[in-house]
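See structure below.
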Amino acid sequence: MITLDGLSKRYGETAVVSALSCAIAPGRVTGFLGPNGAGKSTTMRLIVGLDTPSAGSALIGGQPYARLRHPLREVGALLDARAGHPGRSARAHLRGLARSNGIPTGRVDLVLEAVGLSEVADRRVGTYSLGMGQRLGIAAALLGDPEVLLFDEPVNGLDPDGVAWVRRLTRSLAAEGRTVLVSSHLLSEMQETADHLLVIGRGRLLADAPVDEVIAASSGNAVLVRSPERDALGTVLADAGLTVRQASGADGLLVGGAACDTVGALAFRHGLPLRELSPRRASLEEAFLELTSGSAQFTTSETTDRTTPIPRER
Amino acid sequence: MTTTTTQAPVPALPRLEGSPTGGGSRGAFAFEWTKLTSVRATWWNLLAALVLTVGFAGMLGLSAEASSAKGVAVDEPAHRLAAQAFLVSQLALVALATLAVTSEYAGGTAHATLRAVPRRGRLLAAKTTVVALVVGAAGTVLQLAGGLTAGVLMGGGGTGGDGSPAATALAVGGHLALLAVLSVGLAFVLRSAAGALTSLIMLLLALPQLLGALGPGWLATASDHLPGVAGEALTAPDGAPYGAARAVLVLVGWALAAQLAALVTLRRRDA
Ligand SMILES: Nc1ncnc2c1ncn2[C@@H]1O[C@H](COP(=O)(O)OP(=O)(O)OP(=O)(O)O)[C@@H](O)[C@H]1O
Ligand SMILES: [Mg+2]
């Protein structure tokens with residue numbers, strides 16, 4: 001269990017994390033989402049005491065990180081892509097970490113095996129690829145068999161096989177009753193992996209809810225209806241106070257804020273024939289973009305003005 | 001890369017049984033020892049210190065031999081002569097101490113280290129102890145080797161003077177251990193190898209020359225209390241501005257000041 005209470009961080013004038021309060025519960029995967037620069041990595045650094053909060057606190061099982069007697073046995077974290085000294089072997093890196101926290105050094109070979117690095121364990125970390133470095137970071141996080149796990153963009157640089165492995169790993173860690181916080185920009189992956197979401201934008205909490213609830217709140221949830229009498233149907237639905245948009249095809253409409261039975265009943269009452277009537281579920285991506293539309297800091301010109309091409313150099 | 005993950009069942013990892021033991025200060029010490037001895041830079045620096053010490057001690061021995069052949073008696077014992085080699089070779093050991101800290105910031109392991117040992121004071125104490133022990137022991141052994149080399153090359157000469165080779169070796173080892181304490185502290189404050197090494201070279205080699213040459217009496221007094229000058233007073237007492245006890249005090253003062261600054265930096269500044 002991680003508890004954030006009014007957690008805030010300023011760097012000079014800029015507030016990077018603003019009064020975050022929430023509990024990250026055990027037994028489920030909590031997805032940590034937010035646009036670039038939203039403060040996800042900073043929040044994770046605050047949780048493990050690398051940065052000091054400007055105000056508020058982050059507690060692990062009721063204690064600040066620095067008070068933990070064997071911190072690696074309680075919190076495992078993958079925070080930076082560069083996990084080890086480039087001149088040191090993965091095995092030496094993990095062995096040092098194990099010794100620091102009284103973890104039997106036999107555990108080192110087990111975690112190396114689990115992340116698939118056994119064969120390259122004696123090579124210098126500087127020669128590793130991005131994905132191998134990421135696997136080493138995960139090995140270090142698992143070393144102390146901790147109850148709390150923080151993964152900052154764990155699938156960054158992993159091959160498809162590795163991505164699927166991280167999905168299974170995070171799910172099984174949560175199933176064992178551990179607290180798992182995972183940040184990622186891969187929303188479709190998150191939709192499959194996470195049970196619960198924490199969404200922040202510009203350091204502020206935007207959502208703290210189960211994945212299903214976050215998606216349900218999106219206006220992307222709609223009813224797709226097709227009718228040869230599309231225009232007449234559109235007028236009827238709009239008159240009933242529903243938001244109606246054109247859908248693909250000559251006969252399709254997307255109806256927001258209503259369920260299938262409402263739309264079907266209205267069509268029946270006005271004697272309008274239907275070809276299709278189906279619920280359309282929003283994707284996590286749609287829900288996320290809607291939630292964060294006001295707080296994305298680094299938007300590309302494409303999202304605001306599609307017609308401005310980048311001038312080509314001559 | 002072949003991985004064993006393809007269809008590996010998760011969890012493939014057994015739970016850690018038993019309640020945690022160990023860790024704490026001893027864990028931090030073992031951690032720092034493992035880190036220091038598992039990078040090549042440490043061994044290269046030790047090798048460089050060996051080559052420089054023995055090389056310069058040998059040269060000093062040869063030139064003393066040449067002088068006495070011309071009838072200019074050398075009344076310094078071989079071990080005292082050899083100790084002068086550390087004016088150069090100390091830099092390799094200072095670099096070892098500095099890199100033990102700055103490579104963590106450069107290579108990104110500082111975060112992993114601080115998560116493993118979040119108590120800043122404990123981390124600083126462990127790192128400082130390990131580095132100072134290694135540097136101090138290396139200094140002692142190298143001084144003995146340098147003294148032997150100089151003695152052999154001087155032939156019969158250079159047996160006069162006071163102090164035993166063992167005492168000089170301990171003085172050199174102690175001096176270098178305190179320099180290591182100073183270097184580790186400064187490196188935690190500056191975090192960059194370039195910044196820390198430049199400052200240390202200034203402090204150890206350049207400043208004594210500069211301040212001494214400038215003139216005013218108080219500046220010369222200040223210069224006398226720089227760590228490099230105190231080190232010479234400890235290892236080559238002839239003509240030193242003060243005795244061994246004061247030299248140790250000066251060195252300890254510098255080392256403590258750097259450690260205090262390091263502790264404040266570690267506690268106050270974000271990693
Ligand atoms: N040490 C620092 N000094 C000043 N500003 C910082 C520092 N660390 C982070 N920031 C700023 O804090 C903001 C949040 O950064 P953070 O890395 O936490 O974002 P993030 O949500 O992890 O983003 P991303 O999705 O790109 O990883 C950014 O604007 C960043 O520039
Ligand atoms: Mg980040």
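Every chain in the structure tokens takes a letter, A first, then B, and so on in the order presented; its residues are numbered from 1, and the ligands are numbered from 1 following the presented order.
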
- Do me a favour and pick out the residues of chain A within 7 Å of chain B, using only C-alpha atoms, as a ChimeraX atom specification. /A:48,50-52,66,70-72,82-88,92,96-97,99-102,110-111,114-117,145,161,165,168-169,172

Write down as a PyMOL selection string the residues belonging to stretch 44-291 of chain A that are assigned strand (DSSP E) by DSSP computed on the backbone.
-> chain A and resi 55-60+75-78+148-152+179-183+196-201+204-210+222-226+243-246+252-256+276-280

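Around ligand 2, the neighbouring residues within 9 Å, taking only C-alpha atoms and all ligand atoms, come to Asn36, Gly37, Ala38, Gly39, Lys40, Ser41, Thr42, Met44, Leu79, Asp80, Asp152, Glu153, Ser183 and Ser184 of chain A.
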
By how many Å are atom CA of A:Gly137 and atom CA of A:Val125 apart?
->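 Spanning atom CA of A:Gly137 to atom CA of A:Val125 is a straight-line distance of 11.0 Å.
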
- [ ] Take atom CA of A:Val180 and atom CA of A:Leu143 and report the distance between them in Å, one decimal.
- [x]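 Between atom CA of A:Val180 and atom CA of A:Leu143 the gap is 15.2 Å.
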
What separates atom CA of A:Ala238 and atom CA of A:Leu289 is a distance of 25.7 Å

Nearest to ligand 1, restricted to only C-alpha atoms and all ligand atoms and choosing among A:Leu186, A:Cys260, A:Met132, A:Leu142, comes out as A:Leu186

DSSP on the backbone: what in stretch 141-181 of chain A comes out helix (DSSP H, G or I), as number ranges by chain? A: 141-142, 160-175

### Query
Using only C-alpha atoms, which residues sit within 9 Å of stretch 84-86 of chain B once same-chain residues fewer than 4 positions away are excluded, as number ranges by chain?
B: 49, 52-57, 60, 80, 90-91, 139, 143, 146, 172, 232, 235-236

Would you save the residues from that selection as a tab-separated table (two decimals), in the first residue's frame, using all heavy atoms?
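After the write, result-v3.tsv holds the following:
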chain	number	residue	atom	x	y	z
B	49	ALA	N	48.89	3.88	-9.92
B	49	ALA	CA	49.58	4.34	-8.71
B	49	ALA	C	50.84	3.52	-8.47
B	49	ALA	O	51.88	4.06	-8.09
B	49	ALA	CB	48.63	4.23	-7.51
B	52	LEU	N	53.52	4.59	-11.11
B	52	LEU	CA	54.04	5.94	-10.82
B	52	LEU	C	54.91	5.94	-9.58
B	52	LEU	O	56.00	6.54	-9.56
B	52	LEU	CB	52.87	6.92	-10.66
B	52	LEU	CG	52.12	7.28	-11.95
B	52	LEU	CD1	50.86	8.08	-11.64
B	52	LEU	CD2	53.03	8.06	-12.89
B	53	THR	N	54.45	5.27	-8.53
B	53	THR	CA	55.21	5.29	-7.28
B	53	THR	C	56.57	4.61	-7.45
B	53	THR	O	57.62	5.18	-7.14
B	53	THR	CB	54.43	4.56	-6.16
B	53	THR	OG1	53.13	5.11	-6.08
B	53	THR	CG2	55.13	4.73	-4.82
B	54	VAL	N	56.52	3.40	-7.97
B	54	VAL	CA	57.77	2.65	-8.11
B	54	VAL	C	58.68	3.34	-9.14
B	54	VAL	O	59.89	3.47	-8.93
B	54	VAL	CB	57.47	1.19	-8.50
B	54	VAL	CG1	58.76	0.45	-8.85
B	54	VAL	CG2	56.77	0.49	-7.35
B	55	GLY	N	58.08	3.84	-10.21
B	55	GLY	CA	58.86	4.52	-11.24
B	55	GLY	C	59.58	5.75	-10.70
B	55	GLY	O	60.79	5.91	-10.87
B	56	PHE	N	58.80	6.62	-10.04
B	56	PHE	CA	59.42	7.84	-9.54
B	56	PHE	C	60.39	7.57	-8.40
B	56	PHE	O	61.45	8.18	-8.31
B	56	PHE	CB	58.34	8.85	-9.10
B	56	PHE	CG	57.87	9.70	-10.24
B	56	PHE	CD1	56.75	9.33	-10.98
B	56	PHE	CD2	58.55	10.85	-10.60
B	56	PHE	CE1	56.31	10.10	-12.04
B	56	PHE	CE2	58.12	11.62	-11.66
B	56	PHE	CZ	57.00	11.26	-12.38
B	57	ALA	N	60.02	6.62	-7.53
B	57	ALA	CA	60.93	6.28	-6.44
B	57	ALA	C	62.24	5.76	-7.02
B	57	ALA	O	63.34	6.11	-6.54
B	57	ALA	CB	60.28	5.24	-5.53
B	60	LEU	N	64.24	8.69	-8.35
B	60	LEU	CA	64.83	9.47	-7.26
B	60	LEU	C	66.02	8.72	-6.67
B	60	LEU	O	67.05	9.32	-6.35
B	60	LEU	CB	63.77	9.72	-6.17
B	60	LEU	CG	62.66	10.70	-6.60
B	60	LEU	CD1	61.45	10.59	-5.67
B	60	LEU	CD2	63.18	12.13	-6.62
B	80	ARG	N	62.37	7.92	2.73
B	80	ARG	CA	61.95	9.31	2.70
B	80	ARG	C	61.97	9.85	1.27
B	80	ARG	O	61.10	10.59	0.85
B	80	ARG	CB	62.92	10.16	3.55
B	80	ARG	CG	62.68	10.05	5.02
B	80	ARG	CD	61.52	10.97	5.43
B	80	ARG	NE	60.96	10.59	6.71
B	80	ARG	CZ	61.54	10.86	7.87
B	80	ARG	NH1	62.69	11.51	7.90
B	80	ARG	NH2	61.00	10.49	8.99
B	90	GLN	N	49.88	10.18	-5.93
B	90	GLN	CA	48.67	10.38	-5.13
B	90	GLN	C	47.48	10.67	-6.03
B	90	GLN	O	46.34	10.35	-5.68
B	90	GLN	CB	48.87	11.53	-4.14
B	90	GLN	CG	49.08	12.87	-4.82
B	90	GLN	CD	49.15	14.04	-3.83
B	90	GLN	OE1	48.72	13.92	-2.70
B	90	GLN	NE2	49.72	15.16	-4.25
B	91	LEU	N	47.75	11.27	-7.19
B	91	LEU	CA	46.64	11.66	-8.06
B	91	LEU	C	45.86	10.45	-8.56
B	91	LEU	O	44.64	10.50	-8.71
B	91	LEU	CB	47.14	12.49	-9.24
B	91	LEU	CG	47.72	13.85	-8.84
B	91	LEU	CD1	48.19	14.62	-10.06
B	91	LEU	CD2	46.71	14.66	-8.04
B	139	GLY	N	48.33	2.89	-0.34
B	139	GLY	CA	49.40	3.85	-0.09
B	139	GLY	C	50.51	3.24	0.76
B	139	GLY	O	51.71	3.40	0.46
B	143	GLN	N	54.21	2.58	-0.73
B	143	GLN	CA	55.35	3.27	-0.14
B	143	GLN	C	56.45	2.26	0.23
B	143	GLN	O	57.64	2.52	0.00
B	143	GLN	CB	54.90	4.07	1.08
B	143	GLN	CG	56.01	4.51	2.01
B	143	GLN	CD	57.05	5.41	1.32
B	143	GLN	OE1	56.76	6.06	0.32
B	143	GLN	NE2	58.27	5.41	1.86
B	146	GLY	N	58.02	1.35	-3.03
B	146	GLY	CA	58.83	2.46	-3.53
B	146	GLY	C	60.12	2.60	-2.75
B	146	GLY	O	61.20	2.82	-3.31
B	172	VAL	N	52.40	7.68	5.10
B	172	VAL	CA	51.91	7.85	3.73
B	172	VAL	C	50.49	7.26	3.61
B	172	VAL	O	49.57	7.89	3.06
B	172	VAL	CB	52.86	7.18	2.72
B	172	VAL	CG1	52.21	7.06	1.35
B	172	VAL	CG2	54.15	7.97	2.61
B	232	GLU	N	52.89	16.62	3.25
B	232	GLU	CA	54.36	16.59	3.19
B	232	GLU	C	54.96	16.65	4.58
B	232	GLU	O	55.96	15.99	4.88
B	232	GLU	CB	54.87	17.75	2.35
B	232	GLU	CG	54.88	17.45	0.86
B	232	GLU	CD	55.46	18.62	0.09
B	232	GLU	OE1	56.65	18.94	0.31
B	232	GLU	OE2	54.71	19.22	-0.69
B	235	THR	N	54.81	13.16	5.89
B	235	THR	CA	55.59	12.09	5.28
B	235	THR	C	57.06	12.46	5.08
B	235	THR	O	57.90	11.58	4.92
B	235	THR	CB	54.98	11.69	3.92
B	235	THR	OG1	54.88	12.86	3.11
B	235	THR	CG2	53.61	11.09	4.10
B	236	ALA	N	57.36	13.75	5.01
B	236	ALA	CA	58.75	14.18	4.88
B	236	ALA	C	59.00	15.33	5.84
B	236	ALA	O	59.01	16.49	5.45
B	236	ALA	CB	59.02	14.62	3.43

Excluding same-chain residues fewer than 4 positions from B:Val248, what lies within 9 Å of it counting only C-alpha atoms, as a CSV table (one decimal) with all heavy atoms, in the first residue's frame?
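Output below, filename part.csv:
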chain,number,residue,atom,x,y,z
B,174,GLY,N,48.3,6.8,6.0
B,174,GLY,CA,47.3,7.6,6.7
B,174,GLY,C,47.0,8.9,5.9
B,174,GLY,O,45.8,9.3,5.8
B,175,HIS,N,48.0,9.5,5.4
B,175,HIS,CA,47.8,10.7,4.6
B,175,HIS,C,46.9,10.5,3.5
B,175,HIS,O,45.9,11.2,3.2
B,175,HIS,CB,49.2,11.3,4.2
B,175,HIS,CG,49.1,12.3,3.1
B,175,HIS,ND1,49.9,12.3,2.0
B,175,HIS,CD2,48.3,13.4,3.0
B,175,HIS,CE1,49.6,13.4,1.3
B,175,HIS,NE2,48.6,14.1,1.9
B,178,LEU,N,43.3,9.9,4.4
B,178,LEU,CA,42.6,11.1,4.8
B,178,LEU,C,42.3,11.9,3.5
B,178,LEU,O,41.2,12.5,3.4
B,178,LEU,CB,43.4,12.0,5.7
B,178,LEU,CG,43.4,11.4,7.2
B,178,LEU,CD1,44.4,12.1,8.1
B,178,LEU,CD2,42.0,11.6,7.8
B,230,ALA,N,50.3,19.8,4.5
B,230,ALA,CA,50.2,19.0,5.7
B,230,ALA,C,50.7,17.6,5.4
B,230,ALA,O,51.3,16.9,6.2
B,230,ALA,CB,48.8,19.0,6.2
B,231,GLY,N,50.3,17.1,4.3
B,231,GLY,CA,50.7,15.7,3.9
B,231,GLY,C,52.2,15.6,3.8
B,231,GLY,O,52.8,14.6,4.3
B,234,LEU,N,53.8,15.5,7.1
B,234,LEU,CA,53.6,14.2,7.8
B,234,LEU,C,54.6,13.1,7.2
B,234,LEU,O,55.2,12.3,8.0
B,234,LEU,CB,52.2,13.7,7.5
B,234,LEU,CG,51.7,12.5,8.4
B,234,LEU,CD1,51.7,12.9,9.8
B,234,LEU,CD2,50.3,12.2,7.9
B,243,GLY,N,54.9,20.1,13.0
B,243,GLY,CA,55.2,18.7,13.3
B,243,GLY,C,54.0,17.8,12.8
B,243,GLY,O,53.0,18.3,12.3
B,244,ALA,N,54.2,16.5,13.1
B,244,ALA,CA,53.3,15.5,12.6
B,244,ALA,C,51.9,15.7,13.2
B,244,ALA,O,50.9,15.5,12.6
B,244,ALA,CB,53.8,14.1,12.9
B,252,VAL,N,42.8,16.0,9.1
B,252,VAL,CA,41.5,15.6,9.6
B,252,VAL,C,40.5,16.7,9.5
B,252,VAL,O,39.3,16.5,9.1
B,252,VAL,CB,41.7,15.2,11.1
B,252,VAL,CG1,40.3,15.0,11.7
B,252,VAL,CG2,42.5,13.8,11.2
B,253,GLY,N,40.9,17.9,9.7
B,253,GLY,CA,40.0,19.1,9.6
B,253,GLY,C,39.5,19.2,8.1
B,253,GLY,O,38.3,19.3,7.9

For B:Ala169, find every residue with an atom within 9 Å (counting only C-alpha atoms), except residues of its own chain fewer than 6 positions away, and show them as a ChimeraX atom specification. /B:79,83,139-144,147,235

Please provide the set of residues having any atom within 8 Å of stretch 223-229 of chain A, restricted to only C-alpha atoms, with same-chain residues fewer than 5 positions apart removed, written as a short mmCIF file (atom, residue, chain, number, x, y, z; two decimals) with C-alpha atoms, in the first residue's frame.
data_model
loop_
_atom_site.label_atom_id
_atom_site.label_comp_id
_atom_site.auth_asym_id
_atom_site.auth_seq_id
_atom_site.Cartn_x
_atom_site.Cartn_y
_atom_site.Cartn_z
CA ALA A 247 -20.78 7.80 -38.42
CA ASP A 251 -26.55 5.47 -43.25
CA GLY A 252 -24.74 5.60 -39.90
CA LEU A 253 -25.18 7.77 -36.83
CA LEU A 254 -23.35 7.83 -33.51
CA VAL A 255 -25.58 8.68 -30.60
CA GLY A 256 -23.93 9.86 -27.41
CA ALA A 258 -27.97 7.03 -24.59
CA ALA A 259 -28.31 3.29 -24.41
CA CYS A 260 -29.39 1.00 -27.24
CA VAL A 263 -32.51 4.66 -29.39
CA LEU A 272 -38.19 4.27 -38.72
CA PRO A 273 -36.51 1.08 -39.96
CA LEU A 274 -33.08 0.15 -38.56
CA ARG A 275 -30.27 -1.86 -40.13
CA GLU A 276 -27.96 -1.93 -37.14
CA LEU A 277 -28.10 -0.93 -33.51
CA SER A 278 -24.99 -1.57 -31.44
CA PRO A 279 -23.18 -0.13 -28.46
CA ARG A 280 -19.78 1.29 -29.21
#

Query - Near-B:Leu190 list (9 Å; only C-alpha atoms; drop same-chain fewer than 6 positions) as number ranges by chain - result: B: 102, 196, 262

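Closest to B:Leu124 among B:Gly195, B:Leu62, B:Ala180, B:Phe188 is B:Phe188, based on only C-alpha atoms.
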